[in-house]
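query13.txt, holding compact mmCIF, C-alpha atoms:
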```txt
# COMPACT_ATOMS: atom_id res chain seq x y z
CA MET A 192 213.94 147.60 199.63
CA ILE A 193 210.62 147.40 201.44
CA VAL A 194 210.36 150.00 204.18
CA ARG A 195 210.79 147.81 207.24
CA GLN A 196 209.18 150.23 209.65
CA LEU A 197 205.82 149.85 207.91
CA THR A 198 205.03 146.39 209.20
CA CYS A 199 202.28 147.12 211.70
CA ARG A 200 198.58 147.31 210.92
CA ALA A 201 198.29 150.17 213.36
CA VAL A 202 200.14 152.09 210.65
CA ILE A 203 197.56 150.83 208.17
CA THR A 204 194.77 152.34 210.24
CA SER A 205 196.58 155.64 210.43
CA HIS A 206 197.17 155.83 206.70
CA LEU A 207 193.64 154.73 205.84
CA LEU A 208 192.11 157.43 207.98
CA HIS A 209 194.60 160.24 207.85
CA ALA A 210 197.48 160.17 205.41
CA PRO A 211 197.08 158.02 202.29
CA LEU A 212 199.71 158.04 199.57
CA ARG A 213 198.95 161.20 197.64
CA LYS A 214 198.48 161.36 193.92
CA PRO A 215 201.31 163.23 192.25
CA ARG A 216 200.27 166.55 190.77
CA ALA A 217 199.90 166.51 187.03
CA SER A 218 202.93 167.98 185.30
CA THR A 219 204.33 168.26 181.80
CA ASP A 220 206.98 165.62 182.51
CA MET A 221 204.61 163.05 184.02
CA ALA A 222 202.54 161.42 181.30
CA ARG A 223 199.56 159.20 181.92
CA PRO A 224 200.41 155.51 182.14
CA SER A 225 199.92 153.65 178.88
CA SER A 226 196.88 151.48 178.19
CA ASP A 227 198.53 149.88 175.17
CA LEU A 228 197.82 146.16 175.62
CA ALA A 229 200.14 145.14 172.78
CA ALA A 230 203.03 147.02 174.40
CA PHE A 231 202.33 145.35 177.73
CA ARG A 232 202.11 141.95 176.06
CA GLU A 233 205.51 142.42 174.47
CA ILE A 234 207.08 143.07 177.87
CA PHE A 235 205.11 140.22 179.41
CA SER A 236 206.37 137.79 176.77
CA LYS A 237 209.97 138.38 177.90
CA ALA A 238 209.44 138.51 181.65
CA LYS A 239 211.08 135.72 183.65
CA ARG A 240 209.92 136.64 187.17
CA VAL A 241 206.47 138.16 187.48
CA ALA A 242 205.17 139.55 190.77
CA VAL A 243 201.38 139.92 191.09
CA LEU A 244 200.16 142.15 193.93
CA THR A 245 196.45 141.74 194.65
CA GLY A 246 193.98 143.50 196.90
CA ALA A 247 190.32 143.61 197.84
CA GLY A 248 189.17 144.70 194.38
CA VAL A 249 189.86 141.33 192.81
CA SER A 250 187.88 139.55 195.55
CA ALA A 251 185.03 142.07 195.33
CA GLU A 252 184.41 140.83 191.80
CA SER A 253 183.60 137.44 193.32
CA GLY A 254 181.03 139.10 195.57
CA VAL A 255 183.22 139.14 198.67
CA PRO A 256 182.21 141.87 201.18
CA THR A 257 185.04 144.33 201.79
CA PHE A 258 183.71 145.91 205.04
CA ARG A 259 185.12 149.24 203.89
CA GLY A 260 183.60 152.65 203.37
CA ALA A 261 179.95 153.60 203.73
CA GLY A 262 177.84 150.56 204.46
CA GLY A 263 180.89 148.51 205.39
CA TYR A 264 179.45 147.35 208.68
CA TRP A 265 178.84 144.00 210.33
CA ARG A 266 175.92 144.66 212.63
CA LYS A 267 176.85 148.07 214.03
CA TRP A 268 180.62 147.66 213.92
CA GLN A 269 183.23 148.32 211.28
CA ALA A 270 186.02 145.82 210.75
CA GLN A 271 188.52 148.10 212.52
CA GLU A 272 186.47 147.75 215.70
CA LEU A 273 186.44 143.95 215.60
CA ALA A 274 189.76 143.00 213.99
CA THR A 275 191.96 143.87 216.96
CA PRO A 276 193.57 141.91 219.79
CA GLU A 277 191.74 144.14 222.27
CA ALA A 278 188.32 143.36 220.75
CA PHE A 279 189.06 139.63 220.91
CA SER A 280 190.21 139.90 224.50
CA ARG A 281 187.06 141.81 225.50
CA ASN A 282 184.55 139.74 223.56
CA PRO A 283 185.91 136.64 221.77
CA SER A 284 182.36 135.43 221.10
CA ARG A 285 181.47 138.55 219.08
CA VAL A 286 184.73 138.49 217.13
CA TRP A 287 184.32 134.80 216.36
CA GLU A 288 180.74 135.45 215.16
CA PHE A 289 182.14 138.06 212.77
CA TYR A 290 184.80 135.73 211.41
CA HIS A 291 182.43 132.75 211.31
CA TYR A 292 180.11 134.85 209.14
CA ARG A 293 182.98 135.77 206.82
CA ARG A 294 184.14 132.15 206.56
CA GLU A 295 180.64 130.91 205.74
CA VAL A 296 180.15 133.65 203.13
CA MET A 297 183.47 132.74 201.51
CA LEU A 298 182.37 129.12 201.13
CA THR A 299 179.60 130.37 198.81
CA LYS A 300 181.99 132.39 196.63
CA ASN A 301 184.17 131.23 193.76
CA PRO A 302 187.34 132.47 192.06
CA ASN A 303 186.55 134.84 189.21
CA PRO A 304 188.25 135.11 185.79
CA ALA A 305 191.04 137.28 187.24
CA HIS A 306 191.98 134.64 189.84
CA LEU A 307 191.82 131.93 187.19
CA ALA A 308 193.92 133.90 184.70
CA ILE A 309 196.68 134.41 187.29
CA ALA A 310 196.67 130.72 188.24
CA GLU A 311 196.72 129.55 184.62
CA CYS A 312 199.53 131.98 183.83
CA GLU A 313 201.59 130.69 186.77
CA GLU A 314 201.21 127.07 185.67
CA ARG A 315 201.94 127.84 182.01
CA LEU A 316 205.00 129.97 182.68
CA ALA A 317 206.38 127.46 185.19
CA ALA A 318 206.60 124.91 182.38
CA GLN A 319 208.79 127.43 180.53
CA GLY A 320 211.13 127.97 183.49
CA ARG A 321 209.51 131.29 184.35
CA GLN A 322 207.99 132.25 187.70
CA VAL A 323 204.80 133.96 188.82
CA THR A 324 204.35 134.82 192.51
CA VAL A 325 201.18 136.25 194.04
CA VAL A 326 201.60 138.63 196.97
CA THR A 327 198.10 139.22 198.29
CA GLN A 328 196.51 141.33 200.98
CA ASN A 329 193.39 139.17 200.76
CA ILE A 330 192.56 136.57 203.39
CA ASP A 331 189.90 134.65 201.44
CA GLU A 332 192.10 131.97 199.81
CA LEU A 333 190.45 132.50 196.40
CA HIS A 334 193.87 132.50 194.73
CA ARG A 335 194.59 129.10 196.25
CA ARG A 336 191.21 127.75 195.17
CA ALA A 337 191.85 129.05 191.64
CA GLY A 338 195.00 126.94 191.49
CA SER A 339 197.79 129.39 192.30
CA LYS A 340 200.70 127.73 194.13
CA ASN A 341 203.22 130.52 194.78
CA ILE A 342 201.22 132.69 197.16
CA LEU A 343 202.33 134.99 199.96
CA GLU A 344 199.35 135.96 202.16
CA ILE A 345 200.70 138.99 203.98
CA HIS A 346 197.55 139.42 206.11
CA GLY A 347 197.00 135.72 206.84
CA SER A 348 193.97 133.56 206.02
CA LEU A 349 190.37 133.24 207.17
CA PHE A 350 190.84 129.50 207.00
CA LYS A 351 193.75 129.22 209.40
CA THR A 352 193.64 129.35 213.18
CA ARG A 353 196.23 130.04 215.87
CA CYS A 354 196.16 128.79 219.46
CA MET A 355 196.24 131.59 222.01
CA SER A 356 198.04 129.29 224.48
CA CYS A 357 200.78 127.55 222.49
CA GLY A 358 200.82 129.48 219.21
CA HIS A 359 200.15 126.44 217.02
CA GLU A 360 198.83 127.48 213.62
CA ALA A 361 196.95 125.23 211.21
CA ALA A 362 194.53 125.21 208.29
CA ASN A 363 190.91 124.89 209.35
CA HIS A 364 188.12 124.61 206.78
CA LYS A 365 185.42 123.20 209.07
CA SER A 366 181.90 124.51 208.52
CA PRO A 367 180.84 125.54 211.06
CA ILE A 368 184.18 125.86 212.77
CA CYS A 369 182.53 124.76 216.04
CA ALA A 370 179.05 123.60 217.00
CA ALA A 371 178.25 126.67 219.08
CA LEU A 372 178.70 128.97 216.07
CA ALA A 373 176.29 127.05 213.83
CA GLY A 374 173.67 129.49 212.58
CA LYS A 375 175.35 132.44 214.30
CA GLY A 376 177.01 135.56 212.90
CA ALA A 377 174.07 137.18 211.11
CA PRO A 378 175.19 140.68 210.02
CA ASP A 379 171.89 142.50 210.54
CA PRO A 380 172.16 145.53 212.87
CA ASP A 381 169.32 144.30 215.10
CA THR A 382 170.91 140.87 215.70
CA HIS A 383 171.92 140.30 219.31
CA ASP A 384 175.32 138.89 220.26
CA ALA A 385 175.25 135.15 220.83
CA GLN A 386 177.43 135.53 223.95
CA ILE A 387 178.95 132.08 223.51
CA PRO A 388 181.02 130.95 226.53
CA ALA A 389 184.75 130.81 225.79
CA GLN A 390 184.87 127.07 226.43
CA GLN A 391 182.43 126.53 223.56
CA LEU A 392 184.34 128.68 221.06
CA PRO A 393 186.91 127.08 218.72
CA ARG A 394 189.60 125.33 220.79
CA TYR A 395 192.85 123.58 220.00
CA ASP A 396 192.63 119.88 220.78
CA ASN A 397 196.10 118.39 221.05
CA THR A 398 195.95 115.04 222.78
CA GLN A 399 199.76 114.75 222.86
CA THR A 400 200.49 118.00 224.70
CA GLY A 401 197.12 118.37 226.38
CA CYS A 402 196.71 121.91 225.02
CA HIS A 403 193.11 123.02 224.69
CA GLY A 404 193.74 126.72 224.22
CA LEU A 405 191.29 129.16 222.68
CA LEU A 406 191.79 129.51 218.93
CA ARG A 407 191.78 132.82 217.08
CA PRO A 408 191.70 133.53 213.35
CA ALA A 409 195.25 133.47 211.98
CA VAL A 410 194.92 136.87 210.35
CA VAL A 411 196.86 140.06 211.00
CA TRP A 412 194.73 142.36 213.10
CA PHE A 413 195.03 146.11 213.40
CA GLY A 414 197.83 146.88 215.82
CA GLU A 415 199.71 143.66 215.05
CA THR A 416 203.02 143.22 213.25
CA LEU A 417 203.06 141.47 209.91
CA ASP A 418 204.87 138.13 209.72
CA SER A 419 208.56 138.96 209.21
CA ASP A 420 209.25 135.75 207.29
CA ILE A 421 206.49 136.47 204.79
CA LEU A 422 207.65 140.08 204.43
CA THR A 423 211.21 138.88 203.79
CA ARG A 424 209.97 136.52 201.10
CA ALA A 425 207.84 139.27 199.57
CA GLU A 426 210.88 141.55 199.53
CA GLU A 427 212.89 138.90 197.70
CA VAL A 428 210.14 138.53 195.10
CA LEU A 429 209.85 142.28 194.56
CA ASP A 430 213.62 142.80 194.45
CA SER A 431 214.05 140.15 191.75
CA CYS A 432 210.95 140.58 189.58
CA ASP A 433 211.26 141.96 186.06
CA LEU A 434 207.53 142.68 185.72
CA CYS A 435 205.00 143.66 188.39
CA LEU A 436 201.21 143.60 188.18
CA VAL A 437 199.01 145.49 190.64
CA VAL A 438 195.53 143.99 190.58
CA GLY A 439 192.49 145.38 192.38
CA THR A 440 194.33 147.23 195.10
CA SER A 441 193.63 150.76 196.31
CA SER A 442 197.31 151.51 197.03
CA VAL A 443 196.43 153.07 200.40
CA VAL A 444 196.96 150.09 202.72
CA TYR A 445 200.49 149.97 204.12
CA PRO A 446 202.97 148.41 203.81
CA ALA A 447 201.56 146.95 200.56
CA ALA A 448 201.03 150.47 199.16
CA MET A 449 204.82 150.86 199.07
CA PHE A 450 205.56 147.65 197.17
CA ALA A 451 204.76 148.55 193.56
CA PRO A 452 206.05 152.17 193.67
CA GLN A 453 209.37 150.86 194.96
CA VAL A 454 209.51 148.30 192.15
CA ALA A 455 208.75 151.06 189.64
CA ALA A 456 211.46 153.24 191.18
CA ARG A 457 214.12 150.74 190.14
CA GLY A 458 212.93 150.87 186.52
CA VAL A 459 210.85 147.70 186.42
CA PRO A 460 207.61 147.93 184.39
CA VAL A 461 204.53 147.99 186.61
CA ALA A 462 201.02 147.46 185.23
CA GLU A 463 197.98 148.43 187.25
CA PHE A 464 194.61 146.73 186.68
CA ASN A 465 191.85 148.55 188.55
CA MET A 466 188.41 150.09 188.30
CA GLU A 467 189.81 153.54 189.01
CA ASP A 468 193.01 155.49 189.39
CA THR A 469 194.84 155.09 192.70
CA PRO A 470 197.30 157.34 194.51
CA ALA A 471 200.11 155.33 192.87
CA THR A 472 198.77 155.21 189.29
CA MET A 473 201.02 157.96 187.91
CA ARG A 474 204.11 156.06 189.08
CA PHE A 475 203.38 153.10 186.80
CA LYS A 476 204.11 152.32 183.16
CA PHE A 477 200.67 150.86 182.42
CA HIS A 478 197.14 151.27 183.70
CA PHE A 479 194.22 149.16 182.47
CA HIS A 480 190.87 150.51 183.57
CA GLY A 481 187.96 148.18 184.21
CA LEU A 482 186.99 145.01 185.98
CA CYS A 483 190.04 142.84 186.66
CA GLY A 484 188.12 139.79 185.46
CA THR A 485 187.73 141.52 182.09
CA THR A 486 191.10 143.22 181.63
CA LEU A 487 193.47 140.63 183.11
CA PRO A 488 192.71 137.43 181.12
CA PRO A 489 193.66 138.89 177.71
CA ALA A 490 196.74 140.52 179.23
CA LEU A 491 198.01 137.20 180.62
CA ALA A 492 196.90 134.92 177.78
CA ARG A 493 199.48 132.81 175.94
CA HIS A 494 201.75 134.98 173.81
CA ASP A 495 202.64 134.01 170.23
CA THR A 496 206.30 133.70 171.23
CA GLU A 497 205.71 131.19 174.02
CA SER A 498 207.34 127.83 173.40
CA ASN A 499 204.81 125.65 175.24
```
Could you render the structure from this file as structure tokens?
Amino acid sequence: MIVRQLTCRAVITSHLLHAPLRKPRASTDMARPSSDLAAFREIFSKAKRVAVLTGAGVSAESGVPTFRGAGGYWRKWQAQELATPEAFSRNPSRVWEFYHYRREVMLTKNPNPAHLAIAECEERLAAQGRQVTVVTQNIDELHRRAGSKNILEIHGSLFKTRCMSCGHEAANHKSPICAALAGKGAPDPDTHDAQIPAQQLPRYDNTQTGCHGLLRPAVVWFGETLDSDILTRAEEVLDSCDLCLVVGTSSVVYPAAMFAPQVAARGVPVAEFNMEDTPATMRFKFHFHGLCGTTLPPALARHDTESN
């Protein structure tokens, strides 16, 4: 069901800058999505397989920088200029400073009420034989820290690394990730690059194989293909869900922008929780305007009909 061609973040760049999903024109046969919480809750109470799609908006409520739009710079670069294989090849020290900064910032942030509501809902419904799966574009691991277990991170994680030599991927929560990056990564425009030698950047240290390859963040960079296994699992979740929530996502980043509209197209109720309308809003059954940390907890709270 997911459009398989849209698996490359080069496509994401193109759509962000040139051709976002357009809002349908208002017409007499296309009513505004409902904001009736009671009606949503009735559907929620009967749902057996709930898919929750989350984007940068939910993390922004925890104070996480998005590096998007005006002011979305680290030093004098936008994320699209640093989050590429070419940028890492040219200047791995600069790219690692950028990601070190983001990792250190994330360690000061905490899950907000939206993250916690999703995690609590997953645990509660699991005890009833029901399933909640989070499909997130975010790389900050706030869902995991909130307690969510069924998570598909389609863009990877800030706290995983991959060896450039052997491909080994592993969780890495060290702070700092290596000694040479301690105190580095300041975002101010007048900060000079640290120009750390490659041998002092994060390295894989495998005593069994002798691999000491340069590590990179295990995130999907612009121009790279999304993990096919994760996309397959996301497709299975979206094909089988009987309720879909879209939380804090702009619906312009592909391929994730296609997910919820395709679920809606097969007649499954989709509820959007966002600070503003998105290009996909008119395709959904519900839209709840406001901060996700305010609107989501009452929507996912225990229903009177729940057995446990």
Point to revise | Close residues, Ser356 (chain A) itself excluded, 10 Å, all atoms listed in the file, min 3 positions apart in chain, as an NGL selection string | key: :A and (353 or 359 or 395 or 402-406)
Practice item. Between A:Leu343, A:Gly338, A:Ala247, A:Pro408, single out the one closest to Asn363 (chain A), counting only C-alpha atoms. Key: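 For Asn363 (chain A), the nearest of the given residues is A:Pro408.
Taking all atoms listed in the file into account, Leu417 (chain A) lies nearest to A:Glu344 out of the set A:Glu344, A:Glu311, A:Asp331, A:Asp495.
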Check your understanding: Do you know which residues are at most 8 Å from region 316-328 of chain A counting all atoms listed in the file, after dropping those on the same chain fewer than 4 positions away, and could you put them as a PyMOL selection string?
Key -> chain A and resi 238-247+312+339+341-346+425+428+447+498-499
Please report as a Markdown table every residue of region 297-378 of chain A lying within 8 Å of region 476-490 of chain A, along with the nearest atom pair and their distance in Å (one decimal), using all atoms listed in the file.
```
| residue | atom | partner | partner_atom | distance |
| --- | --- | --- | --- | --- |
| A:Asn303 | CA | A:Gly484 | CA | 6.4 |
| A:Pro304 | CA | A:Gly484 | CA | 4.7 |
| A:Ala305 | CA | A:Gly484 | CA | 4.2 |
| A:His306 | CA | A:Gly484 | CA | 7.8 |
| A:Ala308 | CA | A:Pro488 | CA | 5.2 |
| A:Ile309 | CA | A:Pro488 | CA | 7.9 |
```
Check your understanding: Can you tell me how far CA of Thr352 (chain A) sits from CA of Arg407 (chain A), in Å to one decimal?
Key -> 5.5 Å
Revision key, fill the gap. Closest of A:Ile330, A:Leu491, A:Leu298, A:Cys435 to Thr257 (chain A), counting all atoms listed in the file, is A:Ile330
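Among the candidate residues A:Pro224, A:Gly358, A:Pro380, A:Pro302, the one lying nearest to Thr469 (chain A) is A:Pro224, with distances computed using all atoms listed in the file.
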Practice item. For CA of Trp265 (chain A) and CA of Asp381 (chain A), quote the distance in Å rounded to one decimal. Key: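 Value for the CA of Trp265 (chain A)-CA of Asp381 (chain A) distance: 10.7 Å.
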Check your understanding: Could you state the separation of CA of Tyr264 (chain A) and CA of Asp379 (chain A) in Å, given to one decimal place?
Key -> 9.2 Å
Point to revise | Contact residues around region 454-462 of chain A with all atoms listed in the file at 9 Å, ignoring same-chain residues under 6 positions, as an MDAnalysis selection string | key: chainID A and resid 192 224:225 231 234 429:430 432:438 474:479
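Each of A:Ser419, A:Ser441, A:Ser253, A:Asn397 was compared to Ala337 (chain A) using all atoms listed in the file, and A:Ser253 turns out to be the nearest.
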Review point. Of the candidates A:Lys340, A:Lys375, A:Arg335, A:His364, which one gets nearest to Glu314 (chain A) if we count only C-alpha atoms?
Key: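 Of A:Lys340, A:Lys375, A:Arg335, A:His364, the one nearest Glu314 (chain A), counting only C-alpha atoms, is A:Lys340.
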Exercise for review: Please identify all polymer residues within 8 Å of Pro367 (chain A), counting only C-alpha atoms, omitting same-chain residues fewer than 3 positions from it, and present them as a PyMOL selection string.
Suggested key: chain A and resi 291+295+370+372-373
Exercise for review: Name the residues, using the chain letters and numbers of the file, that sit within 10 Å of (181.4, 134.5, 206.0) when counting only C-alpha atoms, and give them as a list in words.
Suggested key: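 The residues that fall inside the cut-off are Val255, Pro256, Glu288, Phe289, Tyr290, His291, Tyr292, Arg293, Arg294, Glu295, Val296, Met297, Leu298, Thr299, Lys300, Asp331, Leu349, Gly376, Ala377 and Pro378 of chain A.
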